[in-house]
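Asker: mmCIF, C-alpha atoms and all ligand atoms, saved as data_34.cif, coming up:
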data_upload
loop_
_atom_site.group_PDB
_atom_site.id
_atom_site.type_symbol
_atom_site.label_atom_id
_atom_site.label_comp_id
_atom_site.auth_asym_id
_atom_site.auth_seq_id
_atom_site.Cartn_x
_atom_site.Cartn_y
_atom_site.Cartn_z
ATOM 1 C CA MET A 757 218.294 84.838 42.263
ATOM 2 C CA GLN A 758 220.087 86.684 39.469
ATOM 3 C CA HIS A 759 217.098 87.693 37.329
ATOM 4 C CA LEU A 760 213.300 87.433 37.425
ATOM 5 C CA LEU A 761 212.314 86.398 33.913
ATOM 6 C CA SER A 762 209.251 84.230 34.611
ATOM 7 C CA ILE A 763 207.250 82.377 37.256
ATOM 8 C CA GLU A 764 207.992 79.230 35.235
ATOM 9 C CA GLU A 765 211.614 79.202 36.332
ATOM 10 C CA LEU A 766 210.936 79.905 40.021
ATOM 11 C CA ASP A 767 210.260 77.254 42.659
ATOM 12 C CA ALA A 768 208.120 77.106 45.787
ATOM 13 C CA THR A 769 211.017 77.975 48.101
ATOM 14 C CA THR A 770 212.022 81.070 46.143
ATOM 15 C CA ILE A 771 208.405 82.221 45.859
ATOM 16 C CA GLY A 772 208.038 81.747 49.632
ATOM 17 C CA HIS A 773 211.162 83.826 50.343
ATOM 18 C CA LEU A 774 210.071 86.614 47.990
ATOM 19 C CA LEU A 775 206.613 86.814 49.579
ATOM 20 C CA ALA A 776 208.027 86.800 53.106
ATOM 21 C CA ASP A 777 210.409 89.609 52.165
ATOM 22 C CA ALA A 778 207.597 91.546 50.469
ATOM 23 C CA GLY A 779 205.587 91.326 53.700
ATOM 24 C CA ARG A 780 208.575 92.474 55.736
ATOM 25 C CA LEU A 781 209.303 95.434 53.423
ATOM 26 C CA LYS A 782 205.621 96.369 53.536
ATOM 27 C CA ALA A 783 205.612 96.348 57.354
ATOM 28 C CA GLN A 784 208.892 98.286 57.511
ATOM 29 C CA ARG A 785 208.071 100.814 54.771
ATOM 30 C CA GLY A 786 209.973 104.028 55.525
ATOM 31 C CA SER A 787 212.509 102.396 57.830
ATOM 32 C CA HIS A 788 213.999 99.427 55.950
ATOM 33 C CA GLU A 789 217.424 99.014 54.342
ATOM 34 C CA THR A 790 218.419 100.830 51.121
ATOM 35 C CA PRO A 791 220.546 98.309 49.201
ATOM 36 C CA LEU A 792 220.231 100.137 45.848
ATOM 37 C CA GLN A 793 222.144 103.150 47.207
ATOM 38 C CA GLY A 794 224.181 104.689 44.366
ATOM 39 C CA GLN A 795 222.526 102.491 41.696
ATOM 40 C CA THR A 796 220.650 103.475 38.526
ATOM 41 C CA TRP A 797 218.021 101.090 37.135
ATOM 42 C CA ALA A 798 216.847 101.369 33.533
ATOM 43 C CA MET A 799 213.135 100.777 32.914
ATOM 44 C CA ILE A 800 212.471 99.945 29.250
ATOM 45 C CA PHE A 801 208.744 100.009 28.451
ATOM 46 C CA THR A 802 207.483 99.240 24.948
ATOM 47 C CA LYS A 803 203.876 98.924 26.229
ATOM 48 C CA SER A 804 201.763 101.275 28.386
ATOM 49 C CA SER A 805 201.786 101.011 32.157
ATOM 50 C CA THR A 806 200.433 102.713 35.252
ATOM 51 C CA ARG A 807 200.942 100.256 38.132
ATOM 52 C CA THR A 808 204.182 98.631 37.008
ATOM 53 C CA ARG A 809 205.916 101.865 36.108
ATOM 54 C CA VAL A 810 204.880 103.750 39.236
ATOM 55 C CA SER A 811 205.541 100.864 41.625
ATOM 56 C CA PHE A 812 209.029 100.273 40.196
ATOM 57 C CA GLU A 813 209.935 103.976 40.189
ATOM 58 C CA VAL A 814 208.760 104.388 43.801
ATOM 59 C CA GLY A 815 210.247 101.053 44.889
ATOM 60 C CA ILE A 816 213.695 101.770 43.433
ATOM 61 C CA ARG A 817 213.749 105.179 45.152
ATOM 62 C CA GLU A 818 212.622 103.708 48.479
ATOM 63 C CA LEU A 819 215.509 101.207 48.238
ATOM 64 C CA GLY A 820 217.979 104.064 47.694
ATOM 65 C CA GLY A 821 218.390 103.845 43.907
ATOM 66 C CA ALA A 822 217.486 106.016 40.915
ATOM 67 C CA PRO A 823 215.065 104.791 38.229
ATOM 68 C CA MET A 824 215.567 105.812 34.593
ATOM 69 C CA PHE A 825 212.348 105.428 32.576
ATOM 70 C CA LEU A 826 212.965 104.719 28.882
ATOM 71 C CA SER A 827 209.897 104.431 26.680
ATOM 72 C CA LYS A 828 210.514 102.833 23.296
ATOM 73 C CA ASN A 829 210.006 106.225 21.681
ATOM 74 C CA ASP A 830 212.840 107.711 23.729
ATOM 75 C CA ILE A 831 215.502 105.176 22.793
ATOM 76 C CA GLN A 832 216.853 103.725 19.568
ATOM 77 C CA LEU A 833 215.148 100.386 20.287
ATOM 78 C CA GLY A 834 211.990 102.058 18.942
ATOM 79 C CA ARG A 835 213.841 102.792 15.656
ATOM 80 C CA GLY A 836 215.000 99.223 15.259
ATOM 81 C CA GLU A 837 218.269 99.011 17.224
ATOM 82 C CA PRO A 838 218.517 95.327 18.201
ATOM 83 C CA ILE A 839 217.778 94.273 21.764
ATOM 84 C CA GLN A 840 221.223 92.611 21.826
ATOM 85 C CA ASP A 841 222.973 95.959 21.269
ATOM 86 C CA THR A 842 220.683 97.780 23.690
ATOM 87 C CA ALA A 843 221.501 95.138 26.329
ATOM 88 C CA ARG A 844 225.263 95.470 25.879
ATOM 89 C CA VAL A 845 225.180 99.278 26.026
ATOM 90 C CA LEU A 846 222.888 99.552 29.051
ATOM 91 C CA GLY A 847 224.734 96.806 30.913
ATOM 92 C CA ARG A 848 227.907 98.919 30.881
ATOM 93 C CA MET A 849 226.135 101.870 32.474
ATOM 94 C CA VAL A 850 223.238 100.829 34.708
ATOM 95 C CA HIS A 851 223.012 98.427 37.645
ATOM 96 C CA GLY A 852 219.839 96.647 36.609
ATOM 97 C CA ILE A 853 217.209 96.563 33.856
ATOM 98 C CA ILE A 854 213.429 96.268 34.088
ATOM 99 C CA ILE A 855 211.746 95.535 30.785
ATOM 100 C CA ARG A 856 208.113 95.417 29.612
ATOM 101 C CA THR A 857 207.756 94.253 26.045
ATOM 102 C CA PHE A 858 206.133 91.755 23.679
ATOM 103 C CA ALA A 859 208.513 88.823 23.129
ATOM 104 C CA GLN A 860 209.732 86.819 26.117
ATOM 105 C CA ASP A 861 212.879 86.142 24.121
ATOM 106 C CA ASP A 862 213.785 89.852 24.272
ATOM 107 C CA VAL A 863 213.821 89.639 28.068
ATOM 108 C CA VAL A 864 215.925 86.482 27.910
ATOM 109 C CA GLN A 865 218.378 88.145 25.478
ATOM 110 C CA MET A 866 218.597 91.150 27.773
ATOM 111 C CA SER A 867 219.487 88.911 30.717
ATOM 112 C CA ARG A 868 222.092 86.976 28.744
ATOM 113 C CA LEU A 869 223.868 89.955 27.225
ATOM 114 C CA SER A 870 223.604 92.866 29.659
ATOM 115 C CA GLY A 871 225.574 91.381 32.553
ATOM 116 C CA VAL A 872 223.237 93.037 35.079
ATOM 117 C CA PRO A 873 220.049 91.801 36.809
ATOM 118 C CA VAL A 874 216.967 91.836 34.572
ATOM 119 C CA ILE A 875 213.321 91.845 35.715
ATOM 120 C CA ASN A 876 210.392 90.970 33.425
ATOM 121 C CA ALA A 877 207.778 93.699 33.868
ATOM 122 C CA LEU A 878 205.331 91.880 31.493
ATOM 123 C CA THR A 879 205.696 90.127 28.191
ATOM 124 C CA ASP A 880 203.140 88.344 26.000
ATOM 125 C CA ASP A 881 204.094 85.146 27.852
ATOM 126 C CA GLU A 882 204.320 86.084 31.518
ATOM 127 C CA HIS A 883 203.681 88.731 34.163
ATOM 128 C CA PRO A 884 205.716 87.421 37.102
ATOM 129 C CA CYS A 885 205.706 90.648 39.170
ATOM 130 C CA GLN A 886 201.902 90.711 39.093
ATOM 131 C CA ILE A 887 201.538 87.097 40.196
ATOM 132 C CA LEU A 888 203.809 87.630 43.197
ATOM 133 C CA ALA A 889 201.640 90.595 44.248
ATOM 134 C CA ASP A 890 198.517 88.472 43.694
ATOM 135 C CA LEU A 891 199.883 85.650 45.855
ATOM 136 C CA LEU A 892 200.764 88.153 48.592
ATOM 137 C CA THR A 893 197.168 89.400 48.452
ATOM 138 C CA VAL A 894 195.797 85.846 48.732
ATOM 139 C CA GLN A 895 198.026 85.313 51.784
ATOM 140 C CA GLU A 896 196.834 88.553 53.367
ATOM 141 C CA PHE A 897 193.109 87.942 52.877
ATOM 142 C CA LEU A 898 192.840 84.134 53.027
ATOM 143 C CA GLY A 899 195.942 83.179 55.033
ATOM 144 C CA GLY A 900 197.424 81.289 52.058
ATOM 145 C CA TRP A 901 196.336 78.907 49.305
ATOM 146 C CA LYS A 902 196.497 75.510 51.027
ATOM 147 C CA GLY A 903 193.143 73.768 50.452
ATOM 148 C CA LYS A 904 191.849 76.732 48.460
ATOM 149 C CA LYS A 905 190.304 76.625 44.996
ATOM 150 C CA ILE A 906 191.447 79.417 42.694
ATOM 151 C CA ALA A 907 189.492 80.166 39.516
ATOM 152 C CA PHE A 908 190.703 82.155 36.547
ATOM 153 C CA ILE A 909 187.864 83.270 34.279
ATOM 154 C CA GLY A 910 188.830 84.704 30.878
ATOM 155 C CA ASP A 911 191.594 84.288 28.327
ATOM 156 C CA GLY A 912 193.068 80.827 28.844
ATOM 157 C CA PHE A 913 196.409 81.656 27.298
ATOM 158 C CA SER A 914 197.347 85.220 28.247
ATOM 159 C CA ASN A 915 200.421 86.307 30.187
ATOM 160 C CA MET A 916 198.335 86.334 33.393
ATOM 161 C CA THR A 917 196.866 82.865 32.923
ATOM 162 C CA ILE A 918 200.220 81.380 31.976
ATOM 163 C CA SER A 919 201.864 82.867 35.066
ATOM 164 C CA TRP A 920 198.988 81.637 37.277
ATOM 165 C CA MET A 921 199.342 78.134 35.813
ATOM 166 C CA TRP A 922 203.070 78.059 36.624
ATOM 167 C CA ALA A 923 202.348 79.362 40.132
ATOM 168 C CA ALA A 924 199.798 76.554 40.642
ATOM 169 C CA LYS A 925 202.291 74.013 39.325
ATOM 170 C CA HIS A 926 204.959 75.158 41.801
ATOM 171 C CA LEU A 927 202.702 75.729 44.809
ATOM 172 C CA GLY A 928 200.212 72.882 44.316
ATOM 173 C CA PHE A 929 196.912 74.727 44.794
ATOM 174 C CA GLU A 930 193.790 73.832 42.803
ATOM 175 C CA LEU A 931 193.486 76.109 39.758
ATOM 176 C CA VAL A 932 190.526 75.963 37.403
ATOM 177 C CA VAL A 933 190.767 78.055 34.234
ATOM 178 C CA ALA A 934 187.483 78.796 32.445
ATOM 179 C CA CYS A 935 187.917 80.096 28.906
ATOM 180 C CA PRO A 936 186.270 79.910 25.474
ATOM 181 C CA ALA A 937 187.096 76.845 23.381
ATOM 182 C CA ASP A 938 189.231 78.861 20.967
ATOM 183 C CA TYR A 939 191.297 80.486 23.720
ATOM 184 C CA GLN A 940 192.420 77.479 25.730
ATOM 185 C CA PRO A 941 196.043 76.751 26.542
ATOM 186 C CA PRO A 942 197.492 74.642 23.699
ATOM 187 C CA ALA A 943 197.936 70.902 24.326
ATOM 188 C CA ALA A 944 201.730 71.222 24.000
ATOM 189 C CA PHE A 945 201.804 73.800 26.789
ATOM 190 C CA LEU A 946 199.625 71.647 29.084
ATOM 191 C CA LYS A 947 201.881 68.684 28.401
ATOM 192 C CA LYS A 948 204.937 70.725 29.378
ATOM 193 C CA LEU A 949 203.099 72.003 32.479
ATOM 194 C CA GLU A 950 202.020 68.498 33.520
ATOM 195 C CA ALA A 951 200.058 69.627 36.571
ATOM 196 C CA PRO A 952 197.138 67.453 37.739
ATOM 197 C CA ASN A 953 195.985 70.264 40.070
ATOM 198 C CA ILE A 954 195.134 72.465 37.050
ATOM 199 C CA THR A 955 191.850 71.992 35.170
ATOM 200 C CA ILE A 956 190.710 73.748 31.993
ATOM 201 C CA THR A 957 186.976 74.110 31.388
ATOM 202 C CA GLN A 958 184.698 75.992 29.018
ATOM 203 C CA ASP A 959 182.110 76.399 31.786
ATOM 204 C CA PRO A 960 182.641 79.454 34.017
ATOM 205 C CA VAL A 961 180.175 78.096 36.613
ATOM 206 C CA THR A 962 182.260 74.939 37.034
ATOM 207 C CA ALA A 963 185.295 77.137 37.676
ATOM 208 C CA ALA A 964 183.516 79.513 40.050
ATOM 209 C CA SER A 965 181.676 76.826 42.067
ATOM 210 C CA GLY A 966 183.143 76.697 45.559
ATOM 211 C CA ALA A 967 186.086 78.886 44.528
ATOM 212 C CA HIS A 968 187.807 80.946 47.221
ATOM 213 C CA VAL A 969 189.520 83.237 44.704
ATOM 214 C CA ILE A 970 187.945 84.443 41.462
ATOM 215 C CA ASN A 971 190.494 86.015 39.203
ATOM 216 C CA THR A 972 190.054 87.746 35.863
ATOM 217 C CA ASP A 973 191.903 89.969 33.396
ATOM 218 C CA VAL A 974 191.160 91.884 30.202
ATOM 219 C CA TRP A 975 189.871 89.855 27.262
ATOM 220 C CA LEU A 976 192.185 91.660 24.839
ATOM 221 C CA SER A 977 195.727 92.014 26.099
ATOM 222 C CA MET A 978 198.001 94.843 25.002
ATOM 223 C CA GLY A 979 198.780 94.412 21.322
ATOM 224 C CA GLN A 980 195.445 92.649 20.616
ATOM 225 C CA GLU A 981 193.217 95.740 20.693
ATOM 226 C CA ASP A 982 192.052 95.266 17.091
ATOM 227 C CA GLN A 983 190.973 91.624 17.617
ATOM 228 C CA GLN A 984 187.253 92.323 18.036
ATOM 229 C CA ASP A 985 186.423 88.776 16.887
ATOM 230 C CA LYS A 986 188.276 87.431 19.858
ATOM 231 C CA GLU A 987 186.285 89.592 22.269
ATOM 232 C CA ARG A 988 182.971 88.236 20.963
ATOM 233 C CA ALA A 989 183.772 84.773 22.333
ATOM 234 C CA PHE A 990 184.066 86.009 25.908
ATOM 235 C CA GLY A 991 180.502 87.182 26.719
ATOM 236 C CA PRO A 992 179.660 84.195 28.991
ATOM 237 C CA PHE A 993 182.971 84.643 30.827
ATOM 238 C CA GLN A 994 182.125 87.937 32.540
ATOM 239 C CA VAL A 995 182.716 88.031 36.302
ATOM 240 C CA ASN A 996 179.340 89.255 37.537
ATOM 241 C CA ALA A 997 177.071 88.790 40.567
ATOM 242 C CA ALA A 998 175.352 85.732 39.052
ATOM 243 C CA LEU A 999 178.685 83.950 38.544
ATOM 244 C CA LEU A 1000 179.913 84.895 42.021
ATOM 245 C CA SER A 1001 176.759 83.397 43.579
ATOM 246 C CA HIS A 1002 178.437 80.011 42.965
ATOM 247 C CA ALA A 1003 181.696 80.922 44.727
ATOM 248 C CA ALA A 1004 182.618 79.891 48.293
ATOM 249 C CA VAL A 1005 181.442 81.983 51.221
ATOM 250 C CA GLY A 1006 184.126 84.599 51.954
ATOM 251 C CA HIS A 1007 185.595 84.449 48.438
ATOM 252 C CA ILE A 1008 187.780 87.255 47.145
ATOM 253 C CA VAL A 1009 187.919 88.710 43.628
ATOM 254 C CA LEU A 1010 191.249 89.627 42.039
ATOM 255 C CA HIS A 1011 191.872 91.758 38.949
ATOM 256 C CA CYS A 1012 195.367 92.821 37.948
ATOM 257 C CA LEU A 1013 193.916 96.015 36.399
ATOM 258 C CA PRO A 1014 193.334 97.966 34.231
ATOM 259 C CA ALA A 1015 189.702 96.761 34.204
ATOM 260 C CA TYR A 1016 187.134 97.181 31.461
ATOM 261 C CA ARG A 1017 183.859 97.512 33.340
ATOM 262 C CA GLY A 1018 180.969 95.827 31.547
ATOM 263 C CA LYS A 1019 183.348 93.455 29.774
ATOM 264 C CA GLU A 1020 185.404 91.012 31.874
ATOM 265 C CA ILE A 1021 183.954 92.365 35.145
ATOM 266 C CA THR A 1022 180.872 94.364 36.078
ATOM 267 C CA GLU A 1023 181.060 97.759 37.770
ATOM 268 C CA GLU A 1024 179.087 96.300 40.677
ATOM 269 C CA VAL A 1025 181.535 93.439 41.291
ATOM 270 C CA LEU A 1026 184.602 95.606 40.865
ATOM 271 C CA GLU A 1027 183.353 98.192 43.363
ATOM 272 C CA LYS A 1028 182.141 95.576 45.842
ATOM 273 C CA HIS A 1029 185.619 94.001 45.841
ATOM 274 C CA ALA A 1030 187.609 97.233 45.474
ATOM 275 C CA GLY A 1031 189.191 96.830 48.921
ATOM 276 C CA VAL A 1032 190.934 93.637 47.800
ATOM 277 C CA ILE A 1033 191.613 94.721 44.210
ATOM 278 C CA PHE A 1034 193.330 97.979 45.152
ATOM 279 C CA GLN A 1035 195.326 96.297 47.932
ATOM 280 C CA GLN A 1036 196.383 93.847 45.197
ATOM 281 C CA ALA A 1037 197.536 96.873 43.148
ATOM 282 C CA GLU A 1038 199.428 98.329 46.129
ATOM 283 C CA ASN A 1039 201.109 94.971 46.682
ATOM 284 C CA ARG A 1040 202.904 95.438 43.363
ATOM 285 C CA LEU A 1041 205.135 97.929 45.176
ATOM 286 C CA HIS A 1042 206.013 95.593 48.043
ATOM 287 C CA ALA A 1043 206.461 92.482 45.880
ATOM 288 C CA GLN A 1044 208.721 94.317 43.436
ATOM 289 C CA LYS A 1045 210.850 95.768 46.215
ATOM 290 C CA ALA A 1046 211.423 92.177 47.378
ATOM 291 C CA ILE A 1047 212.382 91.212 43.803
ATOM 292 C CA LEU A 1048 214.787 94.173 43.527
ATOM 293 C CA VAL A 1049 216.428 93.226 46.829
ATOM 294 C CA ALA A 1050 216.715 89.567 45.759
ATOM 295 C CA VAL A 1051 218.280 90.177 42.338
ATOM 296 C CA SER A 1052 220.710 92.850 43.558
ATOM 297 C CA ARG A 1053 222.215 90.748 46.376
HETATM 298 N N1 LIG B 1101 198.628 95.265 36.231
HETATM 299 C C1 LIG B 1101 199.531 95.978 35.534
HETATM 300 O O1 LIG B 1101 200.628 95.502 35.179
HETATM 301 O O2 LIG B 1101 199.172 97.271 35.326
HETATM 302 P P1 LIG B 1101 199.904 98.307 34.383
HETATM 303 O O3 LIG B 1101 199.724 97.829 32.966
HETATM 304 O O4 LIG B 1101 199.209 99.609 34.647
HETATM 305 O O5 LIG B 1101 201.363 98.360 34.748
HETATM 306 N N1 LIG B 1102 196.892 90.545 30.020
HETATM 307 C C1 LIG B 1102 197.028 91.975 30.207
HETATM 308 C C2 LIG B 1102 197.659 92.294 31.518
HETATM 309 C C3 LIG B 1102 197.748 93.774 31.813
HETATM 310 C C4 LIG B 1102 198.428 94.070 33.088
HETATM 311 C C5 LIG B 1102 197.827 92.561 29.068
HETATM 312 O O1 LIG B 1102 198.857 91.985 28.692
HETATM 313 O O2 LIG B 1102 197.422 93.598 28.541
#
What would you get if you wrote out this structure as structure tokens?

Answerer:
Amino acid sequence: MQHLLSIEELDATTIGHLLADAGRLKAQRGSHETPLQGQTWAMIFTKSSTRTRVSFEVGIRELGGAPMFLSKNDIQLGRGEPIQDTARVLGRMVHGIIIRTFAQDDVVQMSRLSGVPVINALTDDEHPCQILADLLTVQEFLGGWKGKKIAFIGDGFSNMTISWMWAAKHLGFELVVACPADYQPPAAFLKKLEAPNITITQDPVTAASGAHVINTDVWLSMGQEDQQDKERAFGPFQVNAALLSHAAVGHIVLHCLPAYRGKEITEEVLEKHAGVIFQQAENRLHAQKAILVAVSR
């Protein structure tokens, strides 16, 4: 694997290898190999981050390398220098590039022009690092996804939902996405996805009924903060105790965080499921170390 640009372009075998390696690196934390010895990895972030930034900085160090955090305000990219020029400059100096930004095409350009491994740390289209951590968490708590129903309640066409839909396509588990009518995945996307194991509904109870995993995310993703109209459509899609009463016995709740209590999830539900949700956050570290090892081979 040369880059990690999306879940879309992965396959079940690669996902399986990454998760197995994440589990191994987690078990061997403090005593595993350090393949990034002598390497410097640039981390370009044009959006805020707590989990992704910290887990990559710690992960790179634990693998023997040095992270270099570059917010858009620190580099000329923020003043309009093209991504193509940034890619060609960084690629001559660093050993790998991690990028969080808006357009997926910027990540693709970076991978084509830099000549070094590139990892997508979130775009408007995908959040592949998060999904790998989420899948690791499902494995840890439920032993895997075979025969399990996974529900996503919220924005039907955010980076998280899109990545979950590609994961379901590759891995074959039942995924039901419940979202407001105006925030469904477009027909063209569903046609491209062509996955009979994925259902879209406007009824959160249908999605939650018998589900083993209930997953949600913010209603307004980064860059959409001023879209208050959008938020108004999501009231019935809150993950709360009433909705969870329909889920399977022993269900888990996932949230990629940050969470807005009282909006997409209640305080009560978040705290009741904090053991899973914060293990999910920790798993970012282990999953990303596996990605770093894979792309730097
Ligand atoms: N889940 C996630 O990517 O969190 P951050 O935005 O804090 O990195
Ligand atoms: N959909 C969210 C994910 C945050 C980790 C966003 O893009 O803001």

Asker: Evaluate the PyMOL selection byres (((chain A and resi 966-981) around 7) and not hetatm) against this structure - the residues, as a list in words, please.

Answerer: Lys904, Lys905, Ile906, Ala907, Phe908, Ile909, Gly910, Asp911, Ala964, Ser965, Asp982, Gln983, Glu987, His1002, Ala1003, Ala1004, His1007, Ile1008, Val1009, Leu1010, His1011, Cys1012, Ala1015, Tyr1016 and Glu1020 of chain A

Asker: Of the residues A:Gln795, A:Thr769, A:Ser805, A:Gln758, which is the one nearest to ligand LIG 1102 (chain B), using only C-alpha atoms and all ligand atoms?

Answerer: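 With only C-alpha atoms and all ligand atoms as the atom set, the closest residue is A:Ser805.
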
Asker: Just so the selection is clear, what residues does the PyMOL selection byres (((chain A and resi 919) around 10) and not hetatm) cover here, as a PyMOL selection string?

Answerer: chain A and resi 762-764+881-888+913-918+920-925

Asker: Could you check the closest approach to ligand LIG 1101 (chain B) for each of A:Val1005, A:Ile855, A:Leu878, A:Leu1048 and tell me which residue wins, using all atoms listed in the file?

Answerer: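 Closest to ligand LIG 1101 (chain B) of all the choices is A:Leu878.
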
Asker: List the neighbours of A:Leu775 out to 8 Å using only C-alpha atoms; skip same-chain residues closer than 5 positions along the sequence, and give me the result as a PyMOL selection string.

Answerer: chain A and resi 888+891-892+1043+1046

Asker: Please, could you write that set of residues out with C-alpha atoms as a short mmCIF file (atom, residue, chain, number, x, y, z; two decimals), in the frame of the given file?

Answerer:
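Done, and the output landed in again23.cif:
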data_model
loop_
_atom_site.label_atom_id
_atom_site.label_comp_id
_atom_site.auth_asym_id
_atom_site.auth_seq_id
_atom_site.Cartn_x
_atom_site.Cartn_y
_atom_site.Cartn_z
CA LEU A 888 203.81 87.63 43.20
CA LEU A 891 199.88 85.65 45.86
CA LEU A 892 200.76 88.15 48.59
CA ALA A 1043 206.46 92.48 45.88
CA ALA A 1046 211.42 92.18 47.38
#

Asker: Rank A:Arg809, A:Thr842, A:Ala889, A:Arg1017 by their smallest atom-to-atom distance to ligand LIG 1101 (chain B), using all atoms listed in the file, and report the top residue only.

Answerer: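 Of A:Arg809, A:Thr842, A:Ala889, A:Arg1017, the one nearest ligand LIG 1101 (chain B) is A:Arg809, counting all atoms listed in the file.
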
Asker: Ranking A:Cys935, A:Ile839, A:Met849, A:Val810 by minimum distance to A:Lys986 and counting only C-alpha atoms, which one comes first?

Answerer: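 Going through A:Cys935, A:Ile839, A:Met849, A:Val810 one by one, the smallest distance to A:Lys986 is for A:Cys935.
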
Asker: Report as JSON the centre and the edge lengths, in Å to one decimal, of the axis-aligned box holding every listed atom of stretch 856-864 of chain A, padded by 4 Å on each side.

Answerer:
{"center_x": 211.0, "center_y": 90.8, "center_z": 26.4, "size_x": 17.8, "size_y": 17.3, "size_z": 14.5}

Asker: How would you write, as a list in words, the residues chosen by the PyMOL selection byres (((chain A and resi 929) around 7) and not hetatm) on this structure?

Answerer: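 With the shown file as input, the PyMOL selection byres (((chain A and resi 929) around 7) and not hetatm) matches Trp901, Lys902, Gly903, Lys904, Lys905, Ala924, Leu927, Gly928, Glu930, Leu931 and Asn953 of chain A.
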
Asker: My list of candidates is A:Arg780, A:Lys803, A:Lys948, A:Lys1019. Which is closest to ligand LIG 1101 (chain B) when distances are computed with all atoms listed in the file?

Answerer: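 Comparing A:Arg780, A:Lys803, A:Lys948, A:Lys1019 against ligand LIG 1101 (chain B), the winner is A:Lys803.
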
Asker: At the level of all heavy atoms, write stretch 924-929 of chain A to a file as a PDB file, in the first residue's frame, please.

Answerer:
ATOM      1  N   ALA A 924     -18.720  -0.988   4.363  1.00  0.00           N
ATOM      2  CA  ALA A 924     -19.775  -2.014   4.272  1.00  0.00           C
ATOM      3  C   ALA A 924     -19.733  -2.702   2.914  1.00  0.00           C
ATOM      4  O   ALA A 924     -19.904  -3.920   2.808  1.00  0.00           O
ATOM      5  CB  ALA A 924     -21.144  -1.367   4.501  1.00  0.00           C
ATOM      6  N   LYS A 925     -19.477  -1.921   1.881  1.00  0.00           N
ATOM      7  CA  LYS A 925     -19.376  -2.494   0.528  1.00  0.00           C
ATOM      8  C   LYS A 925     -18.242  -3.540   0.487  1.00  0.00           C
ATOM      9  O   LYS A 925     -18.408  -4.639  -0.030  1.00  0.00           O
ATOM     10  CB  LYS A 925     -19.114  -1.358  -0.461  1.00  0.00           C
ATOM     11  CG  LYS A 925     -18.512  -1.755  -1.773  1.00  0.00           C
ATOM     12  CD  LYS A 925     -19.562  -1.943  -2.816  1.00  0.00           C
ATOM     13  CE  LYS A 925     -18.944  -2.335  -4.153  1.00  0.00           C
ATOM     14  NZ  LYS A 925     -19.941  -2.699  -5.118  1.00  0.00           N
ATOM     15  N   HIS A 926     -17.092  -3.184   1.029  1.00  0.00           N
ATOM     16  CA  HIS A 926     -15.939  -4.091   0.971  1.00  0.00           C
ATOM     17  C   HIS A 926     -16.089  -5.292   1.899  1.00  0.00           C
ATOM     18  O   HIS A 926     -15.656  -6.382   1.570  1.00  0.00           O
ATOM     19  CB  HIS A 926     -14.648  -3.346   1.352  1.00  0.00           C
ATOM     20  CG  HIS A 926     -14.312  -2.212   0.432  1.00  0.00           C
ATOM     21  ND1 HIS A 926     -14.473  -2.280  -0.942  1.00  0.00           N
ATOM     22  CD2 HIS A 926     -13.804  -0.977   0.686  1.00  0.00           C
ATOM     23  CE1 HIS A 926     -14.088  -1.136  -1.482  1.00  0.00           C
ATOM     24  NE2 HIS A 926     -13.686  -0.329  -0.517  1.00  0.00           N
ATOM     25  N   LEU A 927     -16.689  -5.067   3.073  1.00  0.00           N
ATOM     26  CA  LEU A 927     -16.682  -6.123   4.101  1.00  0.00           C
ATOM     27  C   LEU A 927     -17.993  -6.902   4.158  1.00  0.00           C
ATOM     28  O   LEU A 927     -18.068  -7.949   4.796  1.00  0.00           O
ATOM     29  CB  LEU A 927     -16.370  -5.507   5.484  1.00  0.00           C
ATOM     30  CG  LEU A 927     -15.009  -4.784   5.554  1.00  0.00           C
ATOM     31  CD1 LEU A 927     -14.838  -4.087   6.900  1.00  0.00           C
ATOM     32  CD2 LEU A 927     -13.850  -5.750   5.320  1.00  0.00           C
ATOM     33  N   GLY A 928     -19.049  -6.371   3.555  1.00  0.00           N
ATOM     34  CA  GLY A 928     -20.294  -7.123   3.396  1.00  0.00           C
ATOM     35  C   GLY A 928     -21.244  -7.115   4.577  1.00  0.00           C
ATOM     36  O   GLY A 928     -22.246  -7.834   4.568  1.00  0.00           O
ATOM     37  N   PHE A 929     -20.993  -6.299   5.606  1.00  0.00           N
ATOM     38  CA  PHE A 929     -21.934  -6.280   6.731  1.00  0.00           C
ATOM     39  C   PHE A 929     -23.165  -5.435   6.391  1.00  0.00           C
ATOM     40  O   PHE A 929     -23.138  -4.603   5.472  1.00  0.00           O
ATOM     41  CB  PHE A 929     -21.278  -5.789   8.028  1.00  0.00           C
ATOM     42  CG  PHE A 929     -20.605  -4.436   7.940  1.00  0.00           C
ATOM     43  CD1 PHE A 929     -21.334  -3.257   7.926  1.00  0.00           C
ATOM     44  CD2 PHE A 929     -19.217  -4.355   7.877  1.00  0.00           C
ATOM     45  CE1 PHE A 929     -20.718  -2.024   7.858  1.00  0.00           C
ATOM     46  CE2 PHE A 929     -18.577  -3.117   7.803  1.00  0.00           C
ATOM     47  CZ  PHE A 929     -19.330  -1.958   7.785  1.00  0.00           C
TER      48      PHE A 929
END
